[in-house]
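start_1.txt follows; it contains compact mmCIF, C-alpha atoms.
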```
# COMPACT_ATOMS: atom_id res chain seq x y z
CA MET B 1 0.00 0.00 0.00
CA LYS B 2 1.40 3.40 -0.99
CA PHE B 3 0.95 6.38 1.26
CA THR B 4 1.12 9.94 0.13
CA ASN B 5 3.78 12.20 1.51
CA SER B 6 1.19 14.29 3.34
CA LYS B 7 0.06 11.25 5.31
CA LYS B 8 3.66 10.47 6.19
CA ILE B 9 4.25 14.04 7.32
CA LEU B 10 1.07 13.90 9.37
CA ALA B 11 2.19 10.67 11.06
CA LEU B 12 5.59 12.15 11.78
CA LEU B 13 4.13 15.36 13.17
CA SER B 14 1.73 13.42 15.35
CA PHE B 15 4.60 11.26 16.63
CA VAL B 16 6.81 14.22 17.49
CA THR B 17 3.94 16.13 19.08
CA LEU B 18 2.82 13.23 21.25
CA ILE B 19 6.34 12.40 22.39
CA THR B 20 6.98 16.05 23.21
CA ALA B 21 3.68 16.35 25.05
CA PHE B 22 4.44 13.20 27.00
CA VAL B 23 7.89 14.40 28.03
CA LEU B 24 6.50 17.79 29.06
CA TYR B 25 3.70 16.10 30.99
CA ARG B 26 6.15 13.93 32.88
CA ALA B 27 8.33 16.95 33.53
CA GLY B 28 5.35 18.53 35.28
CA VAL B 29 4.81 21.36 32.80
CA PHE B 30 1.05 20.76 32.77
CA ASP B 31 0.71 20.34 36.53
CA LYS B 32 -0.77 23.74 37.14
CA TYR B 33 -3.42 23.18 34.47
CA LEU B 34 -4.24 19.71 35.69
CA THR B 35 -4.62 20.64 39.34
CA SER B 36 -5.88 24.21 39.41
CA ASN B 37 -9.50 23.32 38.67
CA SER B 38 -9.61 20.66 41.31
CA TYR B 39 -8.49 23.11 43.94
CA SER B 40 -11.10 25.68 43.17
CA ILE B 41 -13.89 23.15 42.98
CA GLN B 42 -12.99 20.72 45.73
CA SER B 43 -11.44 22.79 48.47
CA SER B 44 -14.30 25.02 49.43
CA PRO B 45 -15.84 24.81 52.91
CA ASN B 46 -19.17 26.20 51.77
CA GLY B 47 -19.39 25.30 48.15
CA GLY B 48 -17.18 28.19 47.07
CA ALA B 49 -13.54 27.93 46.22
CA LEU B 50 -11.00 28.09 48.99
CA ASN B 51 -8.87 30.22 46.75
CA ASN B 52 -8.21 33.04 49.14
CA LYS B 53 -5.24 31.12 50.46
CA THR B 54 -4.33 29.01 47.49
CA ASP B 55 -4.09 31.97 45.19
CA THR B 56 -1.85 33.97 47.44
CA LEU B 57 0.71 31.23 47.68
CA PRO B 58 3.38 31.12 45.01
CA PRO B 59 3.11 28.16 42.66
CA LYS B 60 5.33 25.41 43.88
CA LYS B 61 6.56 22.07 42.70
CA ASP B 62 5.33 19.09 44.62
CA THR B 63 8.34 17.72 46.40
CA THR B 64 6.48 14.82 47.96
CA LYS B 65 6.16 12.61 44.91
CA LYS B 66 5.36 9.13 46.02
CA THR B 67 6.60 7.39 42.92
CA PRO B 68 10.34 7.66 42.53
CA ILE B 69 11.69 8.64 39.16
CA MET B 70 13.97 6.00 37.69
CA PHE B 71 15.54 5.25 34.38
CA SER B 72 13.68 2.40 32.75
CA GLY B 73 15.43 -0.60 31.25
CA SER B 74 16.39 -0.97 27.62
CA LYS B 75 13.11 -2.62 26.78
CA SER B 76 10.03 -1.00 28.19
CA GLY B 77 8.13 0.06 31.28
CA PRO B 78 4.86 1.56 32.48
CA ILE B 79 3.75 4.77 30.80
CA VAL B 80 0.78 5.74 32.93
CA THR B 81 0.67 4.59 36.52
CA SER B 82 -2.28 4.13 38.78
CA GLU B 83 -1.67 7.22 40.89
CA ASP B 84 -2.44 9.39 37.90
CA PHE B 85 -6.00 8.36 38.46
CA LYS B 86 -5.99 8.53 42.22
CA ALA B 87 -6.93 12.20 42.14
CA ILE B 88 -10.14 11.47 40.29
CA LEU B 89 -11.10 8.69 42.62
CA THR B 90 -10.02 9.95 46.04
CA ASP B 91 -12.96 12.32 46.30
CA SER B 92 -15.37 9.55 47.14
CA THR B 93 -12.99 7.78 49.50
CA LEU B 94 -12.54 10.91 51.60
CA ARG B 95 -16.14 10.77 52.77
CA LEU B 96 -15.38 8.30 55.56
CA ASP B 97 -13.63 9.41 58.71
CA SER B 98 -11.35 6.40 58.93
CA LEU B 99 -10.38 6.85 55.35
CA GLN B 100 -9.73 10.51 56.00
CA ARG B 101 -7.27 9.57 58.67
CA LYS B 102 -5.72 6.97 56.44
CA LYS B 103 -5.36 9.53 53.72
CA ILE B 104 -3.71 12.08 55.98
CA ASP B 105 -1.39 9.42 57.33
CA SER B 106 -0.33 8.47 53.86
CA ILE B 107 0.29 12.10 53.00
CA MET B 108 2.40 12.52 56.10
CA ARG B 109 4.34 9.40 55.25
CA SER B 110 4.91 10.70 51.77
CA GLN B 111 6.70 13.71 53.23
CA LYS B 112 9.61 11.38 53.79
CA LYS B 113 12.24 11.52 51.09
CA ILE B 114 11.95 8.81 48.48
CA PRO B 115 14.73 8.16 45.99
CA VAL B 116 14.20 9.21 42.41
CA ILE B 117 15.01 6.43 39.99
CA MET B 118 15.49 5.92 36.26
CA PRO B 119 13.36 3.55 34.17
CA SER B 120 14.60 0.47 32.35
CA SER B 121 16.58 0.70 29.14
CA LYS B 122 13.93 -1.31 27.34
CA SER B 123 10.64 0.17 28.33
CA GLY B 124 8.95 1.66 31.36
CA PRO B 125 5.78 3.13 32.81
CA VAL B 126 4.26 5.75 30.55
CA PHE B 127 2.00 7.49 33.02
CA THR B 128 2.72 7.80 36.72
CA PRO B 129 0.25 8.45 39.51
CA GLU B 130 1.83 11.26 41.46
CA LYS B 131 -0.24 14.08 39.97
CA THR B 132 -2.83 14.14 42.67
CA LYS B 133 -4.90 16.48 44.69
CA ASP B 134 -2.81 15.40 47.65
CA ASN B 135 -0.91 18.60 46.93
CA GLU B 136 -3.70 20.50 48.64
CA LEU B 137 -3.48 18.38 51.76
CA VAL B 138 0.28 18.76 51.82
CA ARG B 139 -0.14 22.51 51.47
CA LEU B 140 -2.54 22.61 54.40
CA ILE B 141 -0.32 20.46 56.57
CA LYS B 142 2.65 22.70 55.86
CA LEU B 143 0.64 25.88 56.30
CA TYR B 144 -0.61 24.91 59.74
CA GLN B 145 2.60 23.31 60.96
CA GLY B 146 2.71 23.80 64.74
CA ASP B 147 -0.91 24.94 64.89
CA SER B 148 -2.81 21.73 65.45
CA ALA B 149 -6.13 23.47 66.11
CA GLY B 150 -5.82 25.46 62.90
CA LEU B 151 -4.85 22.33 60.99
CA ARG B 152 -7.86 20.47 62.39
CA ARG B 153 -10.21 23.27 61.30
CA ALA B 154 -8.60 23.45 57.87
CA LEU B 155 -8.82 19.69 57.38
CA GLU B 156 -12.46 19.70 58.49
CA ARG B 157 -13.21 22.42 55.95
CA TYR B 158 -11.25 20.48 53.32
CA PHE B 159 -13.14 17.24 53.83
CA ILE B 160 -16.55 18.78 54.46
CA GLY B 161 -16.15 20.72 51.23
CA ARG B 162 -15.81 17.44 49.42
CA ASN B 163 -19.05 15.99 50.78
CA MET L 1 -9.81 1.43 44.46
CA ASN L 2 -6.12 0.90 43.73
CA LEU L 3 -7.00 -1.81 41.28
CA LEU L 4 -9.26 0.56 39.41
CA ASN L 5 -6.45 3.13 39.24
CA LEU L 6 -4.13 0.46 37.96
CA ILE L 7 -6.58 -0.69 35.29
CA LEU L 8 -7.11 2.89 34.14
CA ALA L 9 -3.38 3.58 34.05
CA THR L 10 -2.67 0.41 32.11
CA GLY L 11 -5.45 1.08 29.63
CA ALA L 12 -4.35 4.68 29.15
CA SER L 13 -0.76 3.59 28.60
CA LEU L 14 -1.74 0.98 26.04
CA LEU L 15 -3.95 3.43 24.19
CA PHE L 16 -1.36 6.19 24.26
CA LEU L 17 1.41 3.94 22.97
CA ALA L 18 -0.84 2.58 20.23
CA ILE L 19 -1.70 6.12 19.10
CA VAL L 20 1.95 7.15 19.14
CA PHE L 21 3.47 4.16 17.40
CA ILE L 22 0.93 2.46 15.12
CA PRO L 23 0.71 5.32 12.59
CA MET L 24 4.52 5.39 12.43
CA GLU L 25 4.69 1.64 11.92
CA LYS L 26 2.16 1.91 9.11
CA MET L 27 3.81 4.85 7.35
CA PHE L 28 7.47 3.93 7.83
CA PRO L 29 7.53 0.15 8.25
CA ALA L 30 10.83 -1.62 8.69
CA LYS L 31 9.23 -4.95 7.75
CA LYS L 32 6.57 -4.18 5.22
CA GLY L 33 3.35 -6.09 5.47
CA GLN L 34 3.69 -6.89 9.18
CA LYS L 35 0.26 -6.84 10.78
CA ILE L 36 -0.59 -5.04 14.01
CA LEU L 37 -2.00 -8.28 15.41
CA ARG L 38 1.05 -10.22 14.29
CA LYS L 39 2.27 -13.58 15.53
CA ASN L 40 2.63 -13.69 19.33
CA TRP L 41 0.92 -10.32 19.72
CA PHE L 42 -1.16 -11.75 22.55
CA LEU L 43 1.95 -13.07 24.28
CA ASP L 44 3.45 -9.58 24.25
CA LEU L 45 0.18 -8.15 25.52
CA CYS L 46 0.49 -10.56 28.46
CA PHE L 47 3.99 -9.22 29.12
CA PHE L 48 2.68 -5.67 28.88
CA LEU L 49 -0.13 -6.38 31.35
CA GLY L 50 2.19 -8.35 33.62
CA GLN L 51 4.60 -5.46 33.71
CA TYR L 52 1.92 -2.94 34.67
CA PHE L 53 -0.10 -5.09 37.04
CA LEU L 54 2.65 -7.06 38.75
CA TRP L 55 6.27 -6.52 38.01
CA SER L 56 6.92 -2.79 37.73
CA GLY L 57 5.65 -2.20 41.28
CA LEU L 58 7.69 -5.06 42.66
CA VAL L 59 10.83 -3.99 40.81
CA LEU L 60 10.36 -0.43 42.01
CA TRP L 61 9.92 -1.55 45.60
CA LEU L 62 13.02 -3.75 45.48
CA LEU L 63 15.11 -0.99 44.00
CA ILE L 64 13.96 1.49 46.61
CA GLN L 65 15.03 -0.98 49.30
CA PHE L 66 18.34 -1.43 47.53
CA SER L 67 18.80 2.32 47.23
CA GLY L 68 18.07 2.73 50.93
CA TRP L 69 20.54 0.01 51.83
CA LEU L 70 23.16 1.59 49.58
CA SER L 71 22.62 4.98 51.20
CA GLY L 72 23.58 3.43 54.50
CA ILE L 73 26.95 2.19 53.31
CA ILE L 74 28.10 5.02 51.06
CA PRO L 75 30.36 7.41 53.02
CA GLN L 76 28.63 10.73 53.59
CA ASN L 77 31.83 12.60 52.75
CA PHE L 78 31.77 11.14 49.27
CA ARG L 79 28.19 12.27 48.75
CA ASN L 80 28.93 15.71 50.13
CA THR L 81 31.75 16.07 47.62
CA ILE L 82 29.42 15.08 44.81
CA ALA L 83 26.68 17.38 46.04
CA ALA L 84 29.11 20.31 46.14
CA GLN L 85 29.45 20.12 42.36
CA PRO L 86 27.13 22.10 40.08
CA VAL L 87 23.91 20.22 39.30
CA TRP L 88 24.62 20.18 35.55
CA LEU L 89 27.96 18.47 36.19
CA GLN L 90 26.33 15.90 38.48
CA ALA L 91 23.72 15.24 35.77
CA ILE L 92 26.39 14.68 33.13
CA GLU L 93 28.27 12.34 35.46
CA VAL L 94 25.14 10.33 36.24
CA LEU L 95 24.23 10.01 32.57
CA PHE L 96 27.75 9.08 31.50
CA PHE L 97 28.17 6.42 34.16
CA SER L 98 24.63 5.11 33.60
CA ASP L 99 25.35 4.65 29.92
CA LEU L 100 28.72 3.10 30.61
CA LEU L 101 27.35 0.66 33.18
CA ILE L 102 24.30 -0.33 31.16
CA TYR L 103 26.50 -0.90 28.11
CA TRP L 104 28.75 -3.34 29.94
CA GLY L 105 25.87 -4.77 31.93
CA HIS L 106 24.03 -5.48 28.70
CA ARG L 107 27.11 -6.97 27.09
CA LEU L 108 27.46 -9.28 30.05
CA GLN L 109 23.84 -10.35 29.64
CA HIS L 110 24.75 -11.64 26.21
CA LYS L 111 28.04 -13.17 27.30
CA VAL L 112 27.30 -14.79 30.65
CA ASP L 113 24.93 -17.74 30.40
CA PHE L 114 23.36 -17.16 33.79
CA LEU L 115 22.32 -13.63 32.78
CA TRP L 116 21.39 -14.70 29.25
CA ARG L 117 18.82 -17.15 30.65
CA PHE L 118 16.67 -14.23 31.75
CA HIS L 119 17.64 -11.74 29.07
CA LYS L 120 16.90 -14.14 26.24
CA VAL L 121 13.20 -13.89 27.04
CA HIS L 122 13.38 -10.37 25.58
CA HIS L 123 15.21 -11.72 22.55
CA THR L 124 12.62 -14.38 21.74
CA VAL L 125 10.67 -11.69 19.87
CA GLU L 126 10.50 -12.68 16.22
CA GLN L 127 8.54 -9.71 14.95
CA MET L 128 9.59 -6.36 16.32
CA ASP L 129 7.14 -3.67 17.29
CA TRP L 130 6.37 -1.27 20.16
CA LEU L 131 4.50 -3.92 22.11
CA ALA L 132 7.38 -6.38 21.84
CA ALA L 133 9.51 -3.93 23.84
CA HIS L 134 7.59 -5.05 26.90
CA ARG L 135 8.63 -8.69 26.65
CA GLU L 136 11.04 -8.80 29.57
CA HIS L 137 11.59 -11.18 32.45
CA PRO L 138 11.14 -9.38 35.81
CA LEU L 139 14.53 -10.57 37.05
CA ASP L 140 16.02 -9.10 33.89
CA SER L 141 14.22 -5.84 34.73
CA ILE L 142 15.68 -5.78 38.24
CA TYR L 143 19.17 -6.28 36.83
CA THR L 144 18.80 -3.68 34.08
CA ILE L 145 17.03 -0.99 36.07
CA GLY L 146 19.33 -1.58 39.02
CA ILE L 147 22.42 -1.09 36.89
CA ILE L 148 21.16 1.94 35.02
CA ASN L 149 20.25 3.66 38.28
CA LEU L 150 23.32 2.59 40.21
CA PRO L 151 25.35 5.78 39.59
CA ALA L 152 22.44 7.93 40.81
CA PHE L 153 22.00 5.68 43.86
CA ILE L 154 25.70 5.83 44.72
CA MET L 155 26.08 9.54 44.12
CA GLY L 156 22.84 10.33 45.93
CA PHE L 157 21.73 12.30 42.87
CA GLU L 158 18.02 12.98 42.66
CA LEU L 159 16.75 12.33 39.18
CA GLU L 160 13.93 14.81 39.57
CA ALA L 161 16.32 17.27 38.01
CA LEU L 162 16.27 15.11 34.89
CA THR L 163 12.61 14.13 34.79
CA ALA L 164 12.19 15.15 31.16
CA LEU L 165 15.22 13.17 30.07
CA VAL L 166 14.15 10.15 32.08
CA ALA L 167 10.72 10.29 30.42
CA PHE L 168 12.25 10.70 26.98
CA ARG L 169 14.60 7.81 27.61
CA GLY L 170 11.70 5.60 28.69
CA ILE L 171 9.57 6.20 25.62
CA TRP L 172 12.54 6.15 23.23
CA ALA L 173 13.40 2.69 24.52
CA ILE L 174 10.00 1.58 23.27
CA TYR L 175 10.43 3.41 19.96
CA ILE L 176 13.68 1.64 19.08
CA HIS L 177 11.81 -1.66 19.21
CA SER L 178 9.02 -0.48 16.94
CA ASN L 179 8.62 -1.73 13.39
CA VAL L 180 9.83 1.59 12.03
CA ARG L 181 12.62 2.44 9.66
CA LEU L 182 13.19 6.16 9.61
CA PRO L 183 16.83 7.07 9.01
CA ILE L 184 17.92 10.06 11.07
CA GLY L 185 21.18 10.70 9.23
CA PRO L 186 24.26 11.65 11.20
CA LEU L 187 22.16 11.89 14.37
CA LYS L 188 22.20 8.11 14.60
CA ILE L 189 25.68 8.39 16.13
CA LEU L 190 24.25 10.40 19.01
CA ILE L 191 20.89 8.77 19.56
CA GLY L 192 19.78 5.17 19.20
CA SER L 193 17.27 4.28 16.50
CA PRO L 194 15.21 1.26 15.42
CA GLU L 195 17.58 0.58 12.53
CA LEU L 196 20.39 0.04 15.05
CA HIS L 197 18.44 -1.77 17.72
CA HIS L 198 16.83 -4.16 15.25
CA TRP L 199 20.32 -5.44 14.49
CA HIS L 200 20.81 -6.03 18.19
CA HIS L 201 17.76 -8.33 17.97
CA ASP L 202 19.28 -10.28 15.08
CA VAL L 203 19.15 -14.03 15.54
CA GLU L 204 22.91 -13.99 16.22
CA ARG L 205 23.36 -13.60 19.97
CA ASP L 206 26.47 -11.38 19.80
CA ARG L 207 25.50 -9.08 16.99
CA GLY L 208 26.37 -5.81 18.80
CA ASN L 209 24.65 -2.46 19.49
CA TYR L 210 24.46 -2.93 23.25
CA ALA L 211 24.30 0.75 24.18
CA ASN L 212 21.15 2.27 25.56
CA LEU L 213 20.11 5.78 24.56
CA SER L 214 23.22 6.79 22.65
CA PRO L 215 25.28 4.42 20.46
CA LEU L 216 28.48 6.25 21.47
CA MET L 217 29.51 3.43 23.80
CA ASP L 218 29.20 0.96 20.93
CA LYS L 219 31.40 3.23 18.82
CA ILE L 220 33.97 3.51 21.60
CA PHE L 221 34.10 -0.20 22.37
CA GLY L 222 33.81 -1.44 18.78
CA THR L 223 30.40 -3.12 18.88
CA TYR L 224 28.57 -0.64 16.64
CA THR L 225 26.91 -2.23 13.64
CA CYS L 226 24.56 -0.66 11.15
CA PRO L 227 24.14 -2.51 7.84
CA PRO L 228 21.96 -0.69 5.30
CA ASN L 229 19.19 -3.28 5.39
CA GLU L 230 17.01 -4.88 8.08
CA PRO L 231 18.08 -8.20 9.63
CA GLU L 232 16.57 -11.18 7.90
CA LYS L 233 15.46 -12.83 11.10
CA PHE L 234 14.90 -11.76 14.70
CA GLY L 235 14.86 -14.04 17.73
CA ILE L 236 17.20 -16.60 19.24
CA LYS L 237 18.56 -19.90 18.06
CA GLU L 238 17.61 -21.68 21.27
CA PRO L 239 14.17 -23.20 21.67
CA MET L 240 11.83 -21.23 23.91
CA PRO L 241 8.13 -21.80 24.54
CA ASN L 242 5.72 -19.16 23.24
CA ASN L 243 3.80 -19.12 26.47
CA TYR L 244 3.80 -16.37 29.10
CA VAL L 245 3.92 -18.61 32.16
CA ARG L 246 6.61 -20.85 30.68
CA GLN L 247 8.71 -17.85 29.67
CA MET L 248 8.46 -16.61 33.24
CA ILE L 249 9.28 -19.92 34.87
CA ASP L 250 11.63 -21.68 32.45
CA PRO L 251 14.64 -19.39 32.99
CA MET L 252 14.49 -20.22 36.70
CA LEU L 253 14.37 -23.97 36.29
CA PRO L 254 17.59 -25.94 36.77
CA GLY L 255 17.15 -27.59 33.39
CA SER L 256 17.21 -24.30 31.61
CA VAL L 257 20.57 -23.50 33.17
CA LEU L 258 21.95 -26.40 31.21
CA LYS L 259 20.14 -25.36 28.06
CA GLY L 260 21.25 -21.77 28.36
CA SER L 261 24.84 -22.71 29.00
CA ASN L 262 25.24 -24.83 25.92
CA LYS L 263 24.57 -22.84 22.79
CA GLU L 264 25.71 -25.49 20.35
CA GLU L 265 23.55 -28.15 21.92
CA SER L 266 20.54 -25.85 21.88
CA THR L 267 21.06 -24.97 18.24
CA GLU L 268 21.22 -28.63 17.36
CA THR L 269 18.04 -29.24 19.32
CA LEU L 270 16.33 -26.51 17.36
CA GLN L 271 17.52 -27.84 14.05
CA THR L 272 16.31 -31.32 14.75
CA THR L 273 12.84 -30.17 15.80
```
Could I get this structure in the form of structure tokens?
Amino acid sequence: MKFTNSKKILALLSFVTLITAFVLYRAGVFDKYLTSNSYSIQSSPNGGALNNKTDTLPPKKDTTKKTPIMFSGSKSGPIVTSEDFKAILTDSTLRLDSLQRKKIDSIMRSQKKIPVIMPSSKSGPVFTPEKTKDNELVRLIKLYQGDSAGLRRALERYFIGRN
Amino acid sequence: MNLLNLILATGASLLFLAIVFIPMEKMFPAKKGQKILRKNWFLDLCFFLGQYFLWSGLVLWLLIQFSGWLSGIIPQNFRNTIAAQPVWLQAIEVLFFSDLLIYWGHRLQHKVDFLWRFHKVHHTVEQMDWLAAHREHPLDSIYTIGIINLPAFIMGFELEALTALVAFRGIWAIYIHSNVRLPIGPLKILIGSPELHHWHHDVERDRGNYANLSPLMDKIFGTYTCPPNEPEKFGIKEPMPNNYVRQMIDPMLPGSVLKGSNKEESTETLQTT
């Protein structure tokens, strides 16, 4: 089957664009676009956005990534990982008190430094799960460090806003 | 809930890779006429699913443990000295030593029978494409990923500074397995391509092109090979079952140690069957 040059150029352009987009995505370039909406919708105590604090804070990189970055092998490896979807699904899990505690615990644990690692030289995960709304919880925990009463109120507002 | 995340991630990865690579394989095929659902496609799908559902998490966990253990025995003075260097210099050092180690580590996989037992699973692919890149024994993954990350582990270098490169390296590793022939001119000295890596998958076990992202190591150590055509045949000369479970288990069986350690005998076995 013969393909016209335009189809070949289209395939090539699509390939380059997708690879570039993927690399940028993994580098976190789209983080602010992927997470900004969730903050303004999910974080409100009364149905409105809790943006009065979020907006005044400078944008920051999440330093609490739970999945270490590694070089993959020479063959292949995961492209998308399950945590990429955690953000979408955590909303419903946060409704239960025990799960709230579990969630906070896991966030606190994730504050610990985890090594960053390269994927295999064959293949490796395409999408990873660290792009989550956990950023908001981390922000709150950091913001109210040393002020347990304030943190409690903020967490109550955070979780109630999700119900 | 985690299972749902995992299923979504796996499905998204499969879809994304298909969208990225299938048009390229159709427009610039290395082996013309090769179908998407080619021979052993399902077997490679099993490897893909196995990697996402089971092995990548396990490998990651093991390597984190290893990294933690290594951190405990590396002298802090050494790490402080490394950390005092500019980040760009640390990055270059990590990349150079990663490439050097993975080159020799890969060469050993082809030379040493014990390592070849596990690595040959990857080389049983007879029709190359993006999905075939995922055919890899988990013990082979531990070895490969461990080696490629060893310099960063030892130096205490955080690869977050190189996230884009790490991502590029990961997807490029899949690309070089794809059924694509798209010459990149003089750039092929700097960056690996399917035309080079396909020769690595030639039916001859010691064909060359062992380097990872850049073929420079092959140039330096004299294992670079790039004939103008595609190899006639991919795969290995030794017999290997086309079955996911058997390919997982066989390399670990005592019998396969004997098979793997005697190339001539295995070749004869294949010829007589």
Atom-to-atom span, atom CA of Pro75 of chain L and atom CA of Glu93 of chain L, Å: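 Between these atoms lies a distance of 18.4 Å.
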Pairwise distance for atom CA of Gly146 of chain L and atom CA of Leu17 of chain L, rounded to one decimal in Å: 24.7 Å
Exercise: segment 20-29 of chain B partners within 7 Å, all atoms listed in the file, chain neighbours under 4 positions left out, as an MDAnalysis selection string: (chainID B and resid 16) or (chainID L and resid 163:164 167:168)
Counting only C-alpha atoms, the residue of L:Leu15, L:Ala173, L:Leu115, L:Ile236 that sits nearest chain B: L:Ala173
Which residue of L:Asn243, L:Asn40, L:Ser56, L:Gln109 approaches chain B most closely, using all atoms listed in the file: L:Ser56
Shell around Phe78 of chain L at 12 Å using only C-alpha atoms, local window under 6 positions removed, as a ChimeraX atom specification: /L:71,84-85,154-157
Shell around Phe48 of chain L at 9 Å using all atoms listed in the file, local window under 3 positions removed, as a PyMOL selection string: (chain B and resi 76-78) or (chain L and resi 10+14+43-45+51-53+131-136)
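Taking atom CA of Leu6 of chain L as the reference point, atom CA of Leu49 of chain L is found at 10.3 Å.
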Option closest in space to Arg169 of chain L, from B:Leu155, B:Ile79, B:Ala149, B:Tyr144 [counting only C-alpha atoms]: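 Of B:Leu155, B:Ile79, B:Ala149, B:Tyr144, the one nearest Arg169 of chain L, counting only C-alpha atoms, is B:Ile79.
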Selected residue of minimal separation from Trp172 of chain L among B:Ala154, B:Leu143, B:Ile19, B:Met70, counting only C-alpha atoms: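 Comparing B:Ala154, B:Leu143, B:Ile19, B:Met70 against Trp172 of chain L, the winner is B:Ile19.
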Near-Arg117 of chain L list (7 Å; all atoms listed in the file; drop same-chain fewer than 3 positions) as a ChimeraX atom specification: /L:113-114,120,251,260
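If all atoms listed in the file are the atoms counted, then among L:Ile92, L:Ala152, L:Ile191, L:Leu100 the closest residue to chain B is L:Ala152.
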Which residue of B:Ile69, B:Leu13, B:Ile141, B:Leu151 approaches chain L most closely, using only C-alpha atoms: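 The answer is B:Ile69, which sits nearest to chain L.
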Residue neighbourhood Lys188 of chain L, 12 Å, all atoms listed in the file, exclusion window fewer than 6 positions, as a PyMOL selection string: chain L and resi 176+182+194-197+209+213-216+218-219+224-226
Calculate, to one decimal in Å, the centre and edge lengths of the box along x, y and z of the file that holds all listed atoms of segment 187-193 of chain L with 3 Å of margin on each side, and present them as AutoDock Vina command-line options.
```
--center_x 21.5 --center_y 8.1 --center_z 17.0 --size_x 14.4 --size_y 13.6 --size_z 11.2
```
